[in-house]
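coords.txt follows; it contains compact mmCIF, C-alpha atoms and all ligand atoms.
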```
# COMPACT_ATOMS: atom_id res chain seq x y z
CA MET A 1 0.00 0.00 0.00
CA SER A 2 1.28 3.49 -0.92
CA ASN A 3 0.72 6.95 0.57
CA ALA A 4 -1.78 7.62 -2.22
CA SER A 5 -3.88 4.51 -1.66
CA TRP A 6 -4.07 5.08 2.11
CA TRP A 7 -5.07 8.68 1.45
CA ASP A 8 -7.92 7.50 -0.80
CA ARG A 9 -9.15 5.15 1.91
CA ALA A 10 -8.70 7.74 4.68
CA ARG A 11 -10.84 10.37 2.96
CA LYS A 12 -13.76 7.96 2.70
CA VAL A 13 -13.88 7.19 6.40
CA MET A 14 -12.61 10.32 8.22
CA PRO A 15 -13.49 13.98 7.60
CA GLY A 16 -10.84 15.38 5.28
CA GLY A 17 -9.01 12.08 5.74
CA VAL A 18 -7.61 13.18 9.10
CA ASN A 19 -8.18 13.34 12.84
CA SER A 20 -6.71 16.84 13.21
CA PRO A 21 -7.07 19.41 10.43
CA VAL A 22 -3.52 20.72 9.71
CA ARG A 23 -2.44 17.17 8.85
CA SER A 24 -4.48 17.35 5.64
CA PHE A 25 -1.93 19.56 3.77
CA LYS A 26 -4.63 22.13 2.99
CA SER A 27 -2.10 24.98 3.18
CA VAL A 28 0.78 23.35 1.31
CA PRO A 29 0.87 21.71 -2.13
CA GLY A 30 0.47 17.95 -2.52
CA ASP A 31 -1.09 15.23 -0.40
CA PRO A 32 -0.14 14.13 3.12
CA LEU A 33 2.53 11.52 3.68
CA PHE A 34 1.44 8.44 5.61
CA PHE A 35 3.92 7.75 8.39
CA LYS A 36 4.76 4.07 8.60
CA SER A 37 7.46 4.01 11.26
CA ALA A 38 9.93 6.36 12.87
CA GLN A 39 13.15 6.30 14.84
CA GLY A 40 15.25 9.18 16.15
CA CYS A 41 14.83 12.22 13.91
CA ARG A 42 13.70 10.19 10.89
CA PHE A 43 10.53 8.54 9.69
CA THR A 44 9.64 6.32 6.76
CA ASP A 45 6.42 6.80 4.81
CA GLU A 46 4.18 4.21 3.18
CA ASP A 47 6.02 4.73 -0.12
CA GLY A 48 9.17 3.54 1.65
CA ARG A 49 10.93 6.93 1.55
CA SER A 50 12.82 8.31 4.53
CA TYR A 51 12.74 11.90 5.83
CA ILE A 52 14.40 14.06 8.47
CA ASP A 53 11.47 15.17 10.63
CA TRP A 54 11.33 18.74 12.03
CA CYS A 55 7.69 18.50 13.11
CA LEU A 56 8.09 15.56 15.51
CA SER A 57 4.41 15.05 16.30
CA TRP A 58 4.07 18.82 16.87
CA GLY A 59 6.43 19.01 19.81
CA PRO A 60 6.06 16.10 22.24
CA LEU A 61 9.05 14.15 20.92
CA ILE A 62 11.89 16.23 22.37
CA LEU A 63 13.96 13.02 22.55
CA GLY A 64 13.07 12.09 18.97
CA HIS A 65 10.86 9.25 17.73
CA ALA A 66 10.75 5.91 19.56
CA ASP A 67 13.26 6.78 22.27
CA PRO A 68 14.37 3.36 23.59
CA ASP A 69 14.13 4.35 27.28
CA VAL A 70 10.68 5.91 26.90
CA HIS A 71 9.43 2.87 25.03
CA ALA A 72 10.90 0.43 27.56
CA ALA A 73 9.17 2.25 30.42
CA ALA A 74 5.86 2.40 28.55
CA ARG A 75 6.07 -1.31 27.71
CA GLU A 76 6.84 -2.21 31.31
CA ALA A 77 3.86 -0.17 32.50
CA MET A 78 1.59 -1.70 29.87
CA ASP A 79 2.52 -5.21 30.94
CA GLU A 80 1.21 -4.36 34.40
CA GLY A 81 -2.10 -3.09 33.03
CA ALA A 82 -2.99 -0.50 30.41
CA SER A 83 -5.46 1.50 32.52
CA PHE A 84 -6.71 1.33 36.09
CA GLY A 85 -9.03 4.29 36.60
CA ALA A 86 -7.71 4.22 40.15
CA PRO A 87 -4.71 5.71 41.97
CA SER A 88 -1.39 4.15 40.96
CA ARG A 89 2.26 4.88 41.69
CA ARG A 90 3.32 6.19 38.27
CA GLU A 91 1.07 9.26 38.45
CA VAL A 92 2.54 10.15 41.85
CA ARG A 93 6.06 9.82 40.46
CA LEU A 94 5.33 12.02 37.44
CA ALA A 95 3.62 14.63 39.64
CA GLU A 96 6.65 14.67 41.97
CA ALA A 97 9.11 14.97 39.08
CA PHE A 98 6.98 17.72 37.53
CA LEU A 99 6.71 19.76 40.74
CA ALA A 100 10.42 19.35 41.52
CA ARG A 101 11.01 21.44 38.40
CA MET A 102 8.25 23.99 39.25
CA PRO A 103 8.89 25.46 42.70
CA HIS A 104 6.22 28.11 42.01
CA PHE A 105 3.45 25.48 41.94
CA ASP A 106 2.26 23.22 44.78
CA GLN A 107 0.07 20.73 42.94
CA VAL A 108 -0.69 19.37 39.49
CA ARG A 109 -3.70 17.61 37.96
CA PHE A 110 -3.20 15.42 34.88
CA THR A 111 -5.61 15.36 31.95
CA SER A 112 -5.45 13.56 28.60
CA SER A 113 -4.75 16.53 26.30
CA GLY A 114 -3.58 20.13 26.29
CA THR A 115 -7.08 21.25 25.34
CA GLU A 116 -8.51 19.62 28.44
CA ALA A 117 -5.81 21.18 30.60
CA VAL A 118 -6.63 24.68 29.33
CA MET A 119 -10.39 24.16 29.57
CA SER A 120 -9.99 23.01 33.17
CA ALA A 121 -7.63 25.86 34.11
CA ILE A 122 -10.12 28.43 32.79
CA ARG A 123 -12.94 26.78 34.75
CA LEU A 124 -10.78 26.78 37.87
CA ALA A 125 -9.87 30.46 37.43
CA ARG A 126 -13.54 31.32 37.10
CA GLY A 127 -14.48 29.19 40.09
CA PHE A 128 -11.70 30.66 42.21
CA THR A 129 -12.32 34.32 41.38
CA GLY A 130 -16.10 34.16 41.01
CA ARG A 131 -15.71 36.14 37.77
CA ASP A 132 -16.49 35.24 34.15
CA VAL A 133 -14.32 37.25 31.75
CA THR A 134 -11.25 35.67 30.11
CA VAL A 135 -8.68 37.72 28.21
CA LYS A 136 -6.80 36.09 25.35
CA PHE A 137 -4.57 37.40 22.58
CA SER A 138 -5.12 37.12 18.85
CA GLY A 139 -2.74 34.59 17.36
CA CYS A 140 -2.50 32.54 20.55
CA TYR A 141 -3.94 29.03 20.34
CA HIS A 142 -5.13 27.30 23.48
CA GLY A 143 -6.57 24.10 22.07
CA HIS A 144 -10.09 23.77 20.73
CA VAL A 145 -11.75 25.03 23.91
CA ASP A 146 -15.15 26.47 22.87
CA SER A 147 -14.80 29.76 24.71
CA LEU A 148 -11.30 30.38 23.33
CA LEU A 149 -12.09 29.71 19.66
CA VAL A 150 -12.52 33.40 19.07
CA GLU A 151 -11.83 35.54 16.02
CA ALA A 152 -8.33 36.97 15.96
CA GLY A 153 -7.52 40.58 15.23
CA SER A 154 -10.32 42.27 17.11
CA GLY A 155 -9.59 45.61 18.64
CA LEU A 156 -9.93 46.89 22.15
CA MET A 157 -12.90 45.62 24.12
CA THR A 158 -14.28 43.71 21.20
CA PHE A 159 -15.90 40.74 22.78
CA GLY A 160 -15.66 37.56 20.89
CA THR A 161 -17.24 36.33 17.75
CA PRO A 162 -16.76 32.56 17.54
CA SER A 163 -14.30 31.59 14.80
CA SER A 164 -15.67 28.07 14.59
CA ALA A 165 -19.14 27.02 13.53
CA GLY A 166 -20.93 25.23 16.34
CA VAL A 167 -19.76 27.55 19.11
CA PRO A 168 -22.73 29.54 20.47
CA LYS A 169 -22.21 33.30 20.71
CA GLY A 170 -22.92 33.02 24.43
CA PHE A 171 -19.84 30.83 24.91
CA THR A 172 -17.44 33.49 23.69
CA ASP A 173 -19.05 36.74 24.78
CA THR A 174 -17.10 36.54 28.04
CA THR A 175 -13.83 36.22 26.10
CA ALA A 176 -12.02 39.46 25.29
CA VAL A 177 -9.48 39.29 22.48
CA LEU A 178 -6.59 41.76 22.48
CA PRO A 179 -3.54 42.07 20.21
CA LEU A 180 -0.15 40.83 21.39
CA ASP A 181 2.66 43.36 21.88
CA ASP A 182 0.32 46.27 22.68
CA THR A 183 0.78 47.26 26.32
CA GLN A 184 -1.40 50.36 25.98
CA LYS A 185 -4.47 48.44 24.76
CA LEU A 186 -3.96 45.93 27.56
CA ALA A 187 -3.70 48.67 30.19
CA ASP A 188 -6.79 50.43 28.79
CA PHE A 189 -8.76 47.22 28.88
CA PHE A 190 -7.84 46.48 32.48
CA ALA A 191 -8.59 50.06 33.49
CA ALA A 192 -12.10 49.67 32.08
CA ARG A 193 -12.97 46.03 32.81
CA GLY A 194 -10.15 44.61 34.95
CA ASP A 195 -12.36 43.88 37.93
CA GLU A 196 -14.50 41.50 35.84
CA VAL A 197 -11.54 39.45 34.65
CA ALA A 198 -11.15 35.90 35.99
CA ALA A 199 -8.03 35.12 33.98
CA LEU A 200 -5.69 36.35 31.32
CA ILE A 201 -4.29 33.48 29.28
CA ILE A 202 -1.22 33.77 27.10
CA GLU A 203 1.39 31.55 25.51
CA PRO A 204 4.49 33.08 27.12
CA VAL A 205 6.33 32.41 23.85
CA PRO A 206 3.46 32.40 21.34
CA ALA A 207 4.21 29.52 18.96
CA ASN A 208 0.95 28.79 17.17
CA SER A 209 0.86 31.60 14.59
CA GLY A 210 4.52 31.44 13.85
CA LEU A 211 6.92 32.29 16.66
CA LEU A 212 5.80 35.69 17.97
CA VAL A 213 8.44 36.44 20.59
CA GLN A 214 7.15 39.04 23.05
CA ARG A 215 8.95 41.95 24.67
CA ALA A 216 9.70 41.44 28.38
CA GLU A 217 7.84 44.66 29.14
CA PHE A 218 4.60 43.33 27.60
CA LEU A 219 4.71 40.07 29.56
CA LYS A 220 5.45 42.01 32.74
CA ALA A 221 2.38 44.15 32.10
CA CYS A 222 0.29 40.95 31.86
CA ARG A 223 1.59 39.94 35.30
CA ASP A 224 1.24 43.36 36.93
CA LEU A 225 -2.24 44.16 35.61
CA THR A 226 -3.75 40.78 36.54
CA ALA A 227 -2.23 41.02 40.04
CA LYS A 228 -3.51 44.56 40.48
CA HIS A 229 -7.07 43.60 39.51
CA GLY A 230 -7.30 40.28 41.35
CA ALA A 231 -7.34 38.26 38.12
CA LEU A 232 -5.26 35.12 37.56
CA LEU A 233 -2.44 34.93 35.03
CA ILE A 234 -2.40 31.65 33.11
CA PHE A 235 0.71 30.71 31.14
CA ASP A 236 -0.25 28.19 28.49
CA GLU A 237 2.98 26.21 28.34
CA VAL A 238 1.64 23.26 26.35
CA ILE A 239 4.39 23.88 23.77
CA THR A 240 6.98 25.74 25.85
CA GLY A 241 6.83 23.53 28.96
CA PHE A 242 10.09 21.50 29.24
CA ARG A 243 10.94 22.85 25.78
CA VAL A 244 12.49 26.30 26.19
CA GLY A 245 14.17 25.32 29.45
CA PRO A 246 14.09 22.62 32.16
CA ALA A 247 10.70 23.81 33.42
CA GLY A 248 9.43 25.95 30.56
CA ALA A 249 9.18 29.64 29.82
CA ALA A 250 8.09 31.03 33.20
CA PRO A 251 11.46 30.69 34.99
CA VAL A 252 13.34 31.73 31.85
CA LEU A 253 11.29 34.93 31.66
CA GLY A 254 11.40 35.46 35.42
CA ILE A 255 7.62 35.74 35.63
CA THR A 256 5.51 33.61 37.96
CA PRO A 257 2.01 32.89 36.66
CA ASP A 258 -0.83 31.79 38.95
CA LEU A 259 -1.68 28.80 36.78
CA GLY A 260 0.23 26.87 34.14
CA THR A 261 -1.07 24.47 31.51
CA TYR A 262 1.05 21.71 30.00
CA GLY A 263 0.88 18.92 27.45
CA LYS A 264 2.96 17.61 24.57
CA ILE A 265 6.38 16.86 26.16
CA ILE A 266 5.03 15.67 29.53
CA GLY A 267 3.40 12.71 27.81
CA GLY A 268 6.54 11.65 25.94
CA GLY A 269 4.40 10.97 22.85
CA PHE A 270 1.36 9.64 24.73
CA PRO A 271 -1.82 11.66 25.39
CA VAL A 272 -1.21 13.72 28.55
CA GLY A 273 -2.04 17.27 29.60
CA ALA A 274 -1.73 18.93 32.99
CA TYR A 275 -2.53 22.07 34.89
CA ALA A 276 -0.63 23.23 37.93
CA THR A 277 -1.10 25.98 40.46
CA ARG A 278 -0.77 27.04 44.10
CA GLY A 279 -2.40 25.01 46.86
CA ASP A 280 -4.95 27.72 47.74
CA ILE A 281 -6.22 27.73 44.15
CA MET A 282 -6.06 23.97 43.61
CA ALA A 283 -8.15 23.53 46.80
CA HIS A 284 -11.13 24.62 44.64
CA VAL A 285 -10.86 21.56 42.35
CA SER A 286 -13.05 18.53 43.00
CA PRO A 287 -13.00 16.46 45.18
CA LEU A 288 -11.60 19.20 47.47
CA GLY A 289 -13.70 22.04 46.08
CA GLY A 290 -16.60 22.87 43.85
CA VAL A 291 -14.88 23.11 40.45
CA TYR A 292 -15.63 19.80 38.74
CA GLN A 293 -13.03 18.15 36.52
CA ALA A 294 -12.44 14.47 35.77
CA GLY A 295 -11.18 11.95 33.21
CA THR A 296 -11.59 8.21 32.65
CA LEU A 297 -8.03 7.83 31.36
CA SER A 298 -6.42 10.69 33.33
CA GLY A 299 -3.16 9.60 34.96
CA ASN A 300 -2.98 6.63 32.59
CA PRO A 301 -0.02 4.49 33.74
CA VAL A 302 1.50 3.93 30.29
CA ALA A 303 1.43 7.65 29.51
CA MET A 304 2.74 8.54 32.99
CA ALA A 305 5.67 6.14 32.55
CA ALA A 306 6.58 7.66 29.17
CA GLY A 307 6.29 11.18 30.57
CA LEU A 308 8.44 10.40 33.59
CA VAL A 309 11.33 9.01 31.55
CA THR A 310 11.08 11.96 29.15
CA LEU A 311 11.32 14.42 32.04
CA GLN A 312 14.19 12.51 33.60
CA LYS A 313 16.18 12.49 30.36
CA THR A 314 15.61 16.20 29.75
CA GLY A 315 16.89 16.77 33.31
CA ARG A 316 20.37 15.49 32.49
CA PRO A 317 23.15 18.07 32.68
CA GLY A 318 23.70 19.93 29.43
CA PHE A 319 20.45 18.74 27.80
CA TYR A 320 19.06 22.22 27.05
CA GLU A 321 22.49 23.66 26.26
CA ASP A 322 22.85 20.98 23.58
CA LEU A 323 19.42 21.85 22.11
CA GLU A 324 20.34 25.54 22.15
CA ARG A 325 23.56 24.83 20.26
CA LYS A 326 21.76 22.70 17.66
CA GLY A 327 19.01 25.29 17.28
CA ALA A 328 21.61 27.99 16.67
CA ARG A 329 23.36 25.82 14.09
CA LEU A 330 20.10 25.26 12.21
CA GLN A 331 19.15 28.94 12.41
CA ALA A 332 22.54 29.93 11.00
CA GLY A 333 22.30 27.33 8.21
CA LEU A 334 18.81 28.37 7.14
CA THR A 335 19.66 32.06 7.32
CA ARG A 336 22.74 31.52 5.15
CA ALA A 337 20.70 29.50 2.63
CA ALA A 338 18.27 32.41 2.23
CA THR A 339 20.96 35.09 2.07
CA ASP A 340 23.03 33.22 -0.51
CA ALA A 341 20.00 32.70 -2.76
CA GLY A 342 18.73 36.27 -2.32
CA VAL A 343 15.49 35.07 -0.69
CA THR A 344 13.99 37.51 1.83
CA ALA A 345 13.51 35.50 5.01
CA THR A 346 13.97 35.71 8.77
CA VAL A 347 14.57 32.66 10.91
CA GLN A 348 13.17 33.32 14.37
CA ARG A 349 14.20 30.98 17.19
CA VAL A 350 13.81 30.41 20.92
CA GLY A 351 15.95 27.45 22.00
CA SER A 352 14.74 24.46 20.02
CA LEU A 353 11.66 26.21 18.56
CA PHE A 354 12.21 27.78 15.14
CA TRP A 355 10.15 29.49 12.48
CA THR A 356 10.99 30.76 9.01
CA VAL A 357 9.01 33.78 7.86
CA PHE A 358 9.48 35.37 4.44
CA GLN A 359 9.72 38.93 5.76
CA THR A 360 12.64 41.18 6.65
CA GLU A 361 11.83 41.18 10.36
CA ALA A 362 10.28 38.68 12.76
CA PRO A 363 6.79 39.93 13.71
CA ARG A 364 5.61 40.16 17.34
CA ALA A 365 1.87 40.12 16.65
CA VAL A 366 -0.18 38.02 14.27
CA GLU A 367 -1.45 41.20 12.60
CA ALA A 368 2.13 41.84 11.45
CA VAL A 369 2.44 38.47 9.69
CA ASP A 370 2.06 38.79 5.91
CA GLY A 371 -0.30 35.90 5.11
CA SER A 372 0.32 36.26 1.38
CA LYS A 373 3.85 34.92 1.96
CA MET A 374 2.56 31.54 3.09
CA GLU A 375 2.54 30.50 -0.56
CA ILE A 376 6.37 30.71 -0.50
CA TYR A 377 6.44 28.41 2.51
CA GLY A 378 4.27 25.95 0.61
CA ARG A 379 6.80 25.79 -2.22
CA LEU A 380 9.63 25.31 0.28
CA HIS A 381 7.69 22.53 1.98
CA ARG A 382 7.14 20.70 -1.31
CA GLY A 383 10.76 21.15 -2.41
CA LEU A 384 12.00 19.74 0.89
CA ILE A 385 9.75 16.69 0.71
CA GLU A 386 11.33 15.92 -2.65
CA ARG A 387 14.73 16.19 -0.91
CA GLY A 388 13.89 14.00 2.12
CA VAL A 389 13.20 16.74 4.68
CA TYR A 390 9.83 17.18 6.42
CA LEU A 391 8.61 20.47 7.89
CA ALA A 392 5.22 21.10 9.47
CA PRO A 393 2.61 21.30 6.68
CA SER A 394 1.76 24.97 7.30
CA GLY A 395 3.77 28.17 7.29
CA TRP A 396 2.01 29.23 10.49
CA GLU A 397 3.54 26.33 12.42
CA VAL A 398 6.91 26.29 14.16
CA GLY A 399 9.60 23.61 13.84
CA PHE A 400 11.09 21.54 16.65
CA VAL A 401 14.71 20.53 17.19
CA SER A 402 15.11 17.32 19.23
CA ALA A 403 17.96 15.63 21.04
CA ALA A 404 17.92 13.06 18.24
CA HIS A 405 18.89 15.56 15.52
CA ARG A 406 22.63 15.33 14.93
CA ASP A 407 24.81 18.05 13.41
CA GLU A 408 24.83 16.17 10.11
CA ASP A 409 21.01 16.12 10.01
CA ILE A 410 21.05 19.87 10.58
CA ASP A 411 23.61 20.41 7.84
CA THR A 412 21.78 18.09 5.41
CA THR A 413 18.63 20.12 6.06
CA SER A 414 20.37 23.47 5.54
CA ALA A 415 21.86 22.16 2.27
CA ALA A 416 18.43 20.95 1.10
CA VAL A 417 16.88 24.35 1.90
CA ALA A 418 19.70 26.09 0.02
CA ASP A 419 19.08 23.77 -2.95
CA VAL A 420 15.35 24.58 -2.97
CA PHE A 421 16.00 28.34 -2.74
CA ARG A 422 18.58 28.15 -5.55
CA SER A 423 16.11 26.30 -7.78
CA TRP A 424 13.80 29.35 -7.62
CA SER A 425 16.23 31.85 -9.06
C1 LIG B 501 -1.03 22.07 21.29
C2 LIG B 501 -1.51 23.18 22.15
C3 LIG B 501 -2.70 23.10 22.89
C4 LIG B 501 -3.67 21.95 22.73
O1 LIG B 501 -3.14 20.73 23.12
P1 LIG B 501 -3.81 19.39 22.54
O2 LIG B 501 -3.06 18.29 23.24
O3 LIG B 501 -3.61 19.43 21.07
O4 LIG B 501 -5.25 19.42 22.91
C5 LIG B 501 -3.01 24.11 23.77
N1 LIG B 501 -2.20 25.18 23.92
C6 LIG B 501 -1.05 25.30 23.23
C7 LIG B 501 -0.17 26.48 23.46
C8 LIG B 501 -0.67 24.32 22.31
O5 LIG B 501 0.43 24.48 21.59
```

Turn the structure described in the file into structure tokens.
Ligand SMILES: *Cc1c(COP(=O)(O)O)cnc(C)c1O
Amino acid sequence: MSNASWWDRARKVMPGGVNSPVRSFKSVPGDPLFFKSAQGCRFTDEDGRSYIDWCLSWGPLILGHADPDVHAAAREAMDEGASFGAPSRREVRLAEAFLARMPHFDQVRFTSSGTEAVMSAIRLARGFTGRDVTVKFSGCYHGHVDSLLVEAGSGLMTFGTPSSAGVPKGFTDTTAVLPLDDTQKLADFFAARGDEVAALIIEPVPANSGLLVQRAEFLKACRDLTAKHGALLIFDEVITGFRVGPAGAAPVLGITPDLGTYGKIIGGGFPVGAYATRGDIMAHVSPLGGVYQAGTLSGNPVAMAAGLVTLQKTGRPGFYEDLERKGARLQAGLTRAATDAGVTATVQRVGSLFWTVFQTEAPRAVEAVDGSKMEIYGRLHRGLIERGVYLAPSGWEVGFVSAAHRDEDIDTTSAAVADVFRSWS
């Protein structure tokens, strides 16, 4: 069976042939590849071709595909039972390892996805504060939580219009959407409505509409204004947690949020999300308090085992320094490829997160991203597939460097990018 024949079968039985929309290659040319197997930084598709993977399941695989230690731990757990729906030791161990890295939080609750973690954190913030309004920023993605699927780009005090069909207006009219990188608009909003705000949620390093690195002053304003008005600050660290540093972005930025949401890396490739906070806030979650939240498979032992080994391995000395060095090497290689070919591009990077945008400067707000340039990304994506390199199938998505990428994989990728760029001139 080939990629093409699986794709024909997939489209008959699943909407758009996929279980998550970006996988369908709607924003790049060609049809999706069907992954057959993967190891380290490479995967093989159903046509039998091999690729260097810079998408890595959208972030969870910081150790690369099929890490032998992660798989051994997951197998061992599975042999003792795939799911208990009851307390078991592996969830305690992962919670302890998680909190050892997060001195600013007292407790954590595991869920089965990042979306669930965010949904639960918002509910907790509302239950704790007794307020309804949530502030989010255009361009930040927080999973497919109904109340956060709100139109981007609205101005000051524009309350939400759902950006997905099937979300009632009433679900989003307590969500205020503000632009990133605009401290004045944020201050004006809090001056007018701050006392109604339950929570402000932000990706501390926004990485879902490209990589929109924020100024320290803007993030500090998020902290100061929420504190001043008795609202909670939620850092959505589903991507950045254990990615941009041993604990995530909060310690790197020197800002302590009230709540943090996690996912991706903490499951080591299995479905896990988590939210963490102080004891006085967590005391409001059931069974201790009145904020209900539950999950049949939450704390699943196989997923907990994979997450624990992943955290342990990222805790080894030099782990993040090595990722930083590799990220810098890739950034330099891609930048040189563009410069040499006369292609206008900026490679933005934070540690092992990278993003190529075909503009002269890296934007800080989604409104500053030139959407018309995504067509260039599509051509790059196609050209790289032909050369055995796989990037995320959308120019709005970031790339991920893993511990499994070696210098030669980085250099092979830079050479392939240079070759694609040269073929355009
Ligand atoms: C991926 C992501 C989510 C959603 O997580 P899922 O596991 O896909 O539900 C939420 N927030 C951010 C910042 C993410 O990157």

Quick one: residues within 9 Å of ligand LIG 501 (chain B), with only C-alpha atoms and all ligand atoms, as a JSON list (two decimals) with C-alpha atoms, in the frame of the given file?
```json
[["chain", "number", "residue", "atom", "x", "y", "z"],
["A", 20, "SER", "CA", -6.71, 16.84, 13.21],
["A", 58, "TRP", "CA", 4.07, 18.82, 16.87],
["A", 59, "GLY", "CA", 6.43, 19.01, 19.81],
["A", 112, "SER", "CA", -5.45, 13.56, 28.60],
["A", 113, "SER", "CA", -4.75, 16.53, 26.30],
["A", 114, "GLY", "CA", -3.58, 20.13, 26.29],
["A", 115, "THR", "CA", -7.08, 21.25, 25.34],
["A", 116, "GLU", "CA", -8.51, 19.62, 28.44],
["A", 117, "ALA", "CA", -5.81, 21.18, 30.60],
["A", 118, "VAL", "CA", -6.63, 24.68, 29.33],
["A", 140, "CYS", "CA", -2.50, 32.54, 20.55],
["A", 141, "TYR", "CA", -3.94, 29.03, 20.34],
["A", 142, "HIS", "CA", -5.13, 27.30, 23.48],
["A", 143, "GLY", "CA", -6.57, 24.10, 22.07],
["A", 144, "HIS", "CA", -10.09, 23.77, 20.73],
["A", 145, "VAL", "CA", -11.75, 25.03, 23.91],
["A", 202, "ILE", "CA", -1.22, 33.77, 27.10],
["A", 203, "GLU", "CA", 1.39, 31.55, 25.51],
["A", 204, "PRO", "CA", 4.49, 33.08, 27.12],
["A", 205, "VAL", "CA", 6.33, 32.41, 23.85],
["A", 206, "PRO", "CA", 3.46, 32.40, 21.34],
["A", 207, "ALA", "CA", 4.21, 29.52, 18.96],
["A", 208, "ASN", "CA", 0.95, 28.79, 17.17],
["A", 235, "PHE", "CA", 0.71, 30.71, 31.14],
["A", 236, "ASP", "CA", -0.25, 28.19, 28.49],
["A", 237, "GLU", "CA", 2.98, 26.21, 28.34],
["A", 238, "VAL", "CA", 1.64, 23.26, 26.35],
["A", 239, "ILE", "CA", 4.39, 23.88, 23.77],
["A", 240, "THR", "CA", 6.98, 25.74, 25.85],
["A", 261, "THR", "CA", -1.07, 24.47, 31.51],
["A", 262, "TYR", "CA", 1.05, 21.71, 30.00],
["A", 263, "GLY", "CA", 0.88, 18.92, 27.45],
["A", 264, "LYS", "CA", 2.96, 17.61, 24.57],
["A", 271, "PRO", "CA", -1.82, 11.66, 25.39],
["A", 272, "VAL", "CA", -1.21, 13.72, 28.55],
["A", 273, "GLY", "CA", -2.04, 17.27, 29.60]]
```

Å distance separating atom CA of Gln107 of chain A from atom CA of Gly279 of chain A, one decimal place: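 Atom-to-atom, atom CA of Gln107 of chain A to atom CA of Gly279 of chain A, that is 6.3 Å.
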
Could you give me, as a PDB file with C-alpha atoms, keeping the file's coordinate frame, the residues within 12 Å of Phe43 of chain A, counting only C-alpha atoms and dropping anything in the same chain fewer than 4 positions from it?
```
ATOM      1  CA  LEU A  33       2.530  11.520   3.680  1.00  0.00           C
ATOM      2  CA  PHE A  34       1.440   8.440   5.610  1.00  0.00           C
ATOM      3  CA  PHE A  35       3.920   7.750   8.390  1.00  0.00           C
ATOM      4  CA  LYS A  36       4.760   4.070   8.600  1.00  0.00           C
ATOM      5  CA  SER A  37       7.460   4.010  11.260  1.00  0.00           C
ATOM      6  CA  ALA A  38       9.930   6.360  12.870  1.00  0.00           C
ATOM      7  CA  GLN A  39      13.150   6.300  14.840  1.00  0.00           C
ATOM      8  CA  ASP A  47       6.020   4.730  -0.120  1.00  0.00           C
ATOM      9  CA  GLY A  48       9.170   3.540   1.650  1.00  0.00           C
ATOM     10  CA  ARG A  49      10.930   6.930   1.550  1.00  0.00           C
ATOM     11  CA  SER A  50      12.820   8.310   4.530  1.00  0.00           C
ATOM     12  CA  TYR A  51      12.740  11.900   5.830  1.00  0.00           C
ATOM     13  CA  ILE A  52      14.400  14.060   8.470  1.00  0.00           C
ATOM     14  CA  ASP A  53      11.470  15.170  10.630  1.00  0.00           C
ATOM     15  CA  TRP A  54      11.330  18.740  12.030  1.00  0.00           C
ATOM     16  CA  CYS A  55       7.690  18.500  13.110  1.00  0.00           C
ATOM     17  CA  LEU A  56       8.090  15.560  15.510  1.00  0.00           C
ATOM     18  CA  SER A  57       4.410  15.050  16.300  1.00  0.00           C
ATOM     19  CA  GLY A  64      13.070  12.090  18.970  1.00  0.00           C
ATOM     20  CA  HIS A  65      10.860   9.250  17.730  1.00  0.00           C
ATOM     21  CA  ALA A  66      10.750   5.910  19.560  1.00  0.00           C
ATOM     22  CA  GLY A 388      13.890  14.000   2.120  1.00  0.00           C
ATOM     23  CA  VAL A 389      13.200  16.740   4.680  1.00  0.00           C
ATOM     24  CA  TYR A 390       9.830  17.180   6.420  1.00  0.00           C
TER      25      TYR A 390
END
```

Nearest to Leu384 of chain A, chosen from A:Val28, A:Val291, A:Ala216, A:Met78, with all atoms listed in the file counted in the distances: A:Val28

Å distance separating atom CA of Pro32 of chain A from atom CA of Ala403 of chain A, one decimal place: 25.5 Å

Near-segment 179-184 of chain A list (12 Å; all atoms listed in the file; drop same-chain fewer than 6 positions) as a PyMOL selection string: chain A and resi 135-140+151-158+190-191+201-206+209+212-225+363-368

Between atom CA of Asp106 of chain A and atom CA of Met282 of chain A - distance in Å to one decimal: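 Spanning atom CA of Met282 of chain A to atom CA of Asp106 of chain A is a straight-line distance of 8.4 Å.
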
Residues near Tyr377 of chain A, cut-off 12 Å, only C-alpha atoms, skip fewer than 6 positions along chain, as a list in words: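 What passes the distance filter is Ser27, Val28, Pro29, Gly210, Val343, Thr344, Ala345, Trp355, Thr356, Val357, Phe358, Gln359, Asp370, Gly371, Gly383, Leu384, Leu391, Ala392, Pro393, Ser394, Gly395, Trp396, Glu397, Val398, Val417, Val420 and Phe421 of chain A.
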
Which residue of A:Leu200, A:Ala404, A:Ile376, A:Ala418 approaches Arg42 of chain A most closely, using only C-alpha atoms: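 Closest to Arg42 of chain A, using only C-alpha atoms: A:Ala404.
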